[in-house]
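final_23.cif (mmCIF, C-alpha atoms and all ligand atoms)
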```cif
data_structure
loop_
_atom_site.label_atom_id
_atom_site.label_comp_id
_atom_site.auth_asym_id
_atom_site.auth_seq_id
_atom_site.Cartn_x
_atom_site.Cartn_y
_atom_site.Cartn_z
CA MET A 19 104.15 -50.36 184.26
CA PRO A 20 105.01 -54.10 184.04
CA GLU A 21 103.59 -55.84 180.97
CA SER A 22 101.64 -58.42 183.03
CA LEU A 23 99.89 -55.65 184.96
CA LYS A 24 99.04 -53.81 181.73
CA LYS A 25 97.65 -57.04 180.31
CA LEU A 26 95.50 -57.60 183.40
CA ILE A 27 94.07 -54.07 183.12
CA THR A 28 93.24 -54.67 179.43
CA ILE A 29 91.51 -57.98 180.28
CA ILE A 30 89.45 -56.40 183.08
CA ASN A 31 88.65 -53.39 180.91
CA PHE A 32 87.13 -55.76 178.31
CA LEU A 33 84.32 -56.57 180.78
CA PRO A 34 81.07 -54.63 180.30
CA TRP A 35 80.33 -51.75 182.72
CA ILE A 36 84.02 -51.46 183.69
CA TRP A 37 85.79 -48.22 182.82
CA GLU A 38 89.58 -48.01 182.54
CA LYS A 39 89.93 -46.30 185.90
CA SER A 40 87.95 -49.06 187.65
CA ALA A 41 89.92 -51.67 185.68
CA THR A 42 93.18 -50.23 186.99
CA LYS A 43 91.86 -50.18 190.57
CA LEU A 44 90.67 -53.79 190.29
CA ALA A 45 93.99 -54.89 188.82
CA PHE A 46 95.85 -53.38 191.80
CA PHE A 47 93.34 -54.96 194.17
CA LEU A 48 94.10 -58.36 192.63
CA LEU A 49 97.84 -57.72 192.69
CA ASN A 50 97.67 -57.12 196.44
CA SER A 51 95.24 -59.95 197.18
CA ASN A 52 95.84 -63.09 199.18
CA LYS A 53 97.42 -65.91 197.12
CA ASN A 54 94.69 -68.45 198.01
CA TYR A 55 92.00 -66.07 196.88
CA LEU A 56 93.78 -65.51 193.55
CA GLU A 57 94.25 -69.25 192.97
CA ASN A 58 90.62 -69.90 193.75
CA PHE A 59 89.57 -67.06 191.44
CA ALA A 60 91.73 -68.31 188.56
CA GLN A 61 90.58 -71.91 189.01
CA THR A 62 86.90 -70.91 189.10
CA LEU A 63 87.31 -68.96 185.85
CA THR A 64 89.20 -71.79 184.16
CA HIS A 65 86.51 -74.36 184.98
CA LEU A 66 83.46 -72.07 184.68
CA GLN A 67 82.25 -72.93 181.19
CA GLY A 68 83.01 -76.64 181.49
CA SER A 69 81.15 -76.89 184.80
CA ILE A 70 77.83 -75.71 183.41
CA SER A 71 75.27 -77.50 181.30
CA LYS A 72 71.68 -76.85 180.16
CA CYS A 73 68.47 -78.46 181.40
CA TRP A 74 67.18 -80.83 178.69
CA THR A 75 63.63 -79.68 179.30
CA CYS A 76 63.68 -75.93 179.83
CA GLY A 77 67.18 -74.84 178.78
CA SER A 78 68.11 -73.25 182.12
CA LEU A 79 71.69 -73.51 183.39
CA ILE A 80 72.58 -76.43 185.65
CA ASP A 81 75.70 -78.19 186.94
CA ALA A 82 77.47 -80.26 184.29
CA GLY A 83 76.57 -83.94 184.58
CA LYS A 84 72.95 -83.22 185.54
CA HIS A 85 70.20 -83.34 182.92
CA ILE A 86 67.07 -81.81 184.42
CA CYS A 87 66.92 -78.69 186.59
CA GLU A 88 65.32 -78.53 190.05
CA ILE A 89 62.34 -76.49 188.86
CA CYS A 90 61.47 -78.98 186.10
CA ARG A 91 61.81 -81.85 188.60
CA SER A 92 59.85 -80.18 191.39
CA GLN A 93 56.38 -81.53 192.11
CA GLU A 94 55.49 -78.29 193.87
CA ARG A 95 55.77 -76.11 190.78
CA GLN A 96 52.67 -75.71 188.62
CA LYS A 97 53.02 -77.69 185.42
CA ASP A 98 50.36 -75.81 183.51
CA ILE A 99 52.05 -72.40 183.44
CA ILE A 100 55.26 -71.93 181.49
CA CYS A 101 57.02 -68.59 181.61
CA VAL A 102 58.96 -68.08 178.37
CA VAL A 103 62.05 -65.89 178.71
CA GLU A 104 64.95 -64.94 176.47
CA GLU A 105 67.84 -65.56 178.82
CA TYR A 106 68.64 -67.48 182.00
CA LEU A 107 69.22 -64.15 183.75
CA ASP A 108 65.55 -63.21 183.09
CA MET A 109 64.50 -66.42 184.82
CA VAL A 110 66.72 -65.59 187.81
CA THR A 111 65.11 -62.13 188.03
CA ILE A 112 61.59 -63.61 188.05
CA GLU A 113 62.60 -66.34 190.54
CA ASN A 114 63.99 -63.67 192.88
CA SER A 115 60.61 -61.91 192.91
CA LYS A 116 59.13 -65.14 194.41
CA ILE A 117 55.76 -64.44 192.75
CA PHE A 118 55.87 -67.12 190.09
CA LYS A 119 55.18 -70.75 190.97
CA GLY A 120 55.08 -72.25 187.49
CA ARG A 121 57.90 -73.46 185.27
CA TYR A 122 60.15 -71.78 182.74
CA HIS A 123 61.38 -72.09 179.21
CA ILE A 124 64.57 -70.31 178.19
CA LEU A 125 64.81 -69.59 174.47
CA GLY A 126 68.41 -68.39 174.52
CA GLY A 127 67.60 -65.12 172.74
CA ALA A 128 65.08 -63.67 170.33
CA ILE A 129 64.78 -63.96 166.55
CA SER A 130 67.02 -61.32 164.99
CA PRO A 131 68.32 -62.14 161.49
CA ILE A 132 70.16 -58.82 161.38
CA ASN A 133 72.26 -59.98 164.35
CA GLY A 134 72.61 -63.50 162.96
CA VAL A 135 70.06 -65.10 165.31
CA PHE A 136 67.72 -67.40 163.39
CA ILE A 137 64.83 -69.67 164.38
CA GLY A 138 67.11 -72.75 164.37
CA ASP A 139 69.48 -71.11 166.88
CA LEU A 140 66.83 -70.85 169.59
CA ASN A 141 65.24 -73.38 171.94
CA PHE A 142 61.85 -73.54 170.18
CA GLU A 143 61.52 -77.24 169.34
CA ASN A 144 61.77 -78.25 172.99
CA LEU A 145 59.02 -75.75 173.81
CA PHE A 146 56.61 -77.17 171.22
CA LYS A 147 57.53 -80.69 172.37
CA ARG A 148 56.69 -79.77 175.97
CA ILE A 149 53.36 -78.31 174.91
CA SER A 150 52.42 -81.26 172.69
CA GLU A 151 53.25 -83.78 175.44
CA PHE A 152 51.05 -81.96 177.94
CA ASP A 153 47.69 -83.69 178.63
CA TRP A 154 45.57 -80.65 179.28
CA SER A 155 45.55 -76.92 178.55
CA LEU A 156 48.32 -74.64 179.73
CA GLU A 157 49.33 -71.02 179.84
CA LEU A 158 52.43 -69.60 178.19
CA ILE A 159 53.56 -66.30 179.65
CA MET A 160 55.72 -64.35 177.24
CA ALA A 161 57.87 -62.56 179.78
CA THR A 162 60.55 -60.52 178.27
CA ASN A 163 61.86 -57.39 176.65
CA PRO A 164 59.36 -55.51 174.51
CA ASN A 165 61.23 -54.84 171.27
CA ILE A 166 61.07 -55.73 167.58
CA GLU A 167 63.03 -58.98 167.99
CA TRP A 168 60.75 -60.15 170.76
CA GLU A 169 57.62 -59.27 168.78
CA ALA A 170 58.95 -61.41 165.91
CA THR A 171 59.61 -64.21 168.40
CA VAL A 172 56.11 -64.05 169.90
CA GLN A 173 54.56 -64.00 166.42
CA TYR A 174 56.61 -67.04 165.42
CA ILE A 175 55.47 -68.98 168.52
CA LEU A 176 51.82 -68.04 167.88
CA SER A 177 51.98 -69.07 164.23
CA GLU A 178 53.71 -72.37 165.05
CA LEU A 179 51.13 -73.19 167.73
CA GLU A 180 48.43 -72.60 165.12
CA LYS A 181 50.25 -74.63 162.46
CA ARG A 182 50.87 -77.55 164.80
CA GLY A 183 47.25 -77.60 166.01
CA LEU A 184 48.30 -76.70 169.56
CA LYS A 185 46.76 -73.24 169.77
CA LYS A 186 43.48 -74.46 171.25
CA PHE A 187 45.29 -75.97 174.24
CA VAL A 188 47.38 -72.92 174.96
CA LYS A 189 46.48 -69.57 176.45
CA VAL A 190 49.23 -67.11 175.54
CA THR A 191 49.69 -64.09 177.78
CA ARG A 192 52.18 -61.28 178.05
CA LEU A 193 53.29 -59.17 180.97
CA SER A 194 51.24 -56.04 181.55
CA ARG A 195 52.55 -52.74 180.27
CA GLY A 196 54.45 -52.06 183.49
CA LEU A 197 57.68 -53.25 181.96
CA SER A 198 57.40 -51.54 178.61
CA SER A 199 59.87 -48.84 179.47
CA GLY A 200 62.75 -51.09 180.37
CA TYR A 201 64.35 -54.47 180.33
CA LEU A 202 63.27 -57.24 182.62
CA GLU A 203 66.52 -57.20 184.58
CA TYR A 204 66.09 -53.51 185.43
CA ALA A 205 62.48 -53.78 186.62
CA ASP A 206 62.01 -53.27 190.32
CA ASN A 207 60.36 -56.06 192.26
CA ILE A 208 56.93 -54.42 192.70
CA THR A 209 56.71 -53.54 189.00
CA LEU A 210 57.66 -57.06 188.10
CA ILE A 211 55.16 -58.63 190.50
CA ASN A 212 52.35 -56.38 189.22
CA SER A 213 53.33 -57.01 185.64
CA ILE A 214 53.04 -60.77 186.17
CA LYS A 215 49.79 -60.51 188.20
CA GLU A 216 48.15 -58.24 185.62
CA ARG A 217 49.30 -60.16 182.58
CA LYS A 218 47.05 -60.02 179.54
CA GLU A 219 46.02 -62.59 177.00
CA ILE A 220 47.42 -62.08 173.51
ZN ZN B 301 64.49 -77.22 183.55
#
```
Please, can you express the file's structure as structure tokens?
Amino acid sequence: MPESLKKLITIINFLPWIWEKSATKLAFFLLNSNKNYLENFAQTLTHLQGSISKCWTCGSLIDAGKHICEICRSQERQKDIICVVEEYLDMVTIENSKIFKGRYHILGGAISPINGVFIGDLNFENLFKRISEFDWSLELIMATNPNIEWEATVQYILSELEKRGLKKFVKVTRLSRGLSSGYLEYADNITLINSIKERKEI
């Protein structure tokens, strides 16, 4: 097999959820594809990371050159409910369910010293800033994966709210137990909608 084709298979095989057999099939698909498609594909990949930035308020992904995302700018979204998620993909999942009309805050992960993720690596300060600048009480929905890292993250947020004198303005809730068996991205729409509707105060 030509070296360049072998290399392509190795690169594709590096992707998650792609087995070697699928990688080989995809490599041959690309080899036989239209030249314009391939150029477009290569160009999109080359510019992908440089074309994306983060919202200064909530941390969600936006086009480079913009500062604030559409949800943070929208007057139609409720200001007094902030759904706190680990990753942008979690926000996309909740947005797709169309049940939630508030705003988001993307932490960028959960506290996990064992994996090298510390408090300073996550988008906490912006969250506390948002809460402290708010004129009246609000709800924070902790909407993410139930695991040890997330528990540590929720506990940290609760203790900081207390320490900063913000706790009395904030009602903290978590999704109902519907999602406890799996990750947010794998939840079906009905489970997700019920889990948000039946959320419980912490
Ligand atoms: Zn935003």
Around ligand ZN 301 (chain B), out to 10 Å and counting all atoms listed in the file, which residues are there? I want them as a PyMOL selection string. chain A and resi 72-80+85-92+121-124
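Atom to atom, CA of Gly134 in chain A and CA of Leu179 in chain A stand 24.0 Å apart.
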Counting all atoms listed in the file, which residue out of A:Asn133, A:Asn31, A:Thr191, A:Gln96 sits closest to Phe118 in chain A?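 Using all atoms listed in the file, Phe118 in chain A sits closest to A:Gln96.
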Go through A:Thr209, A:Asn163, A:Gln93, A:Ser51 one by one, measure the shortest atom-to-atom distance of each to Glu105 in chain A using all atoms listed in the file, and give the residue with the smallest value.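 Looking only at the distances to Glu105 in chain A, the closest residue turns out to be A:Asn163.
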Which one is closest to Asp139 in chain A: A:Ile99, A:Leu66, A:Leu125, A:Ala60? Count all atoms listed in the file.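 Ranked by minimum distance to Asp139 in chain A, first place goes to A:Leu125.
The residue that comes closest to Leu156 in chain A, out of A:Ile29, A:Leu140, A:Ile100, A:Leu48 and on the basis of only C-alpha atoms, is A:Ile100.
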Which one of A:Thr111, A:Asn50, A:Thr28, A:Ser40 sits closest to Asn207 in chain A if you count only C-alpha atoms?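 The shortest atom-to-atom distance to Asn207 in chain A comes from A:Thr111.
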Restricting the calculation to all atoms listed in the file, which member of A:Phe59, A:Glu216, A:Glu167, A:Val188 is positioned closest to Ser155 in chain A? A:Val188
Would you pick out the contacts of Ser194 in chain A at 12 Å or less, using all atoms listed in the file, so that residues sharing its chain but fewer than 6 positions from it are not included, and give the list as a list in words?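 Selected residues are Ile159, Met160, Ala161, Thr162, Asn163, Pro164, Thr209, Leu210, Ile211, Asn212, Ser213, Ile214, Lys215, Glu216, Arg217, Lys218, Glu219 and Ile220 of chain A.
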If I take CA of Ile27 in chain A and CA of Thr42 in chain A, how far is one from the other in Å, to one decimal?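 Separation between CA of Ile27 in chain A and CA of Thr42 in chain A: 5.5 Å.
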Could you name the residues that touch Phe187 in chain A at 10 Å or less, counting all atoms listed in the file, but leaving out those on the same chain fewer than 4 positions away, as a VMD selection string? chain A and resid 149 to 150 152 to 157 179 183
Could you please give me, as a ChimeraX atom specification, the residues of protein, DNA or RNA lying at most 9 Å from (68.7, -61.5, 171.6) in the coordinate frame of the file, considering all atoms listed in the file? /A:104-105,126-130,133,135,167-168
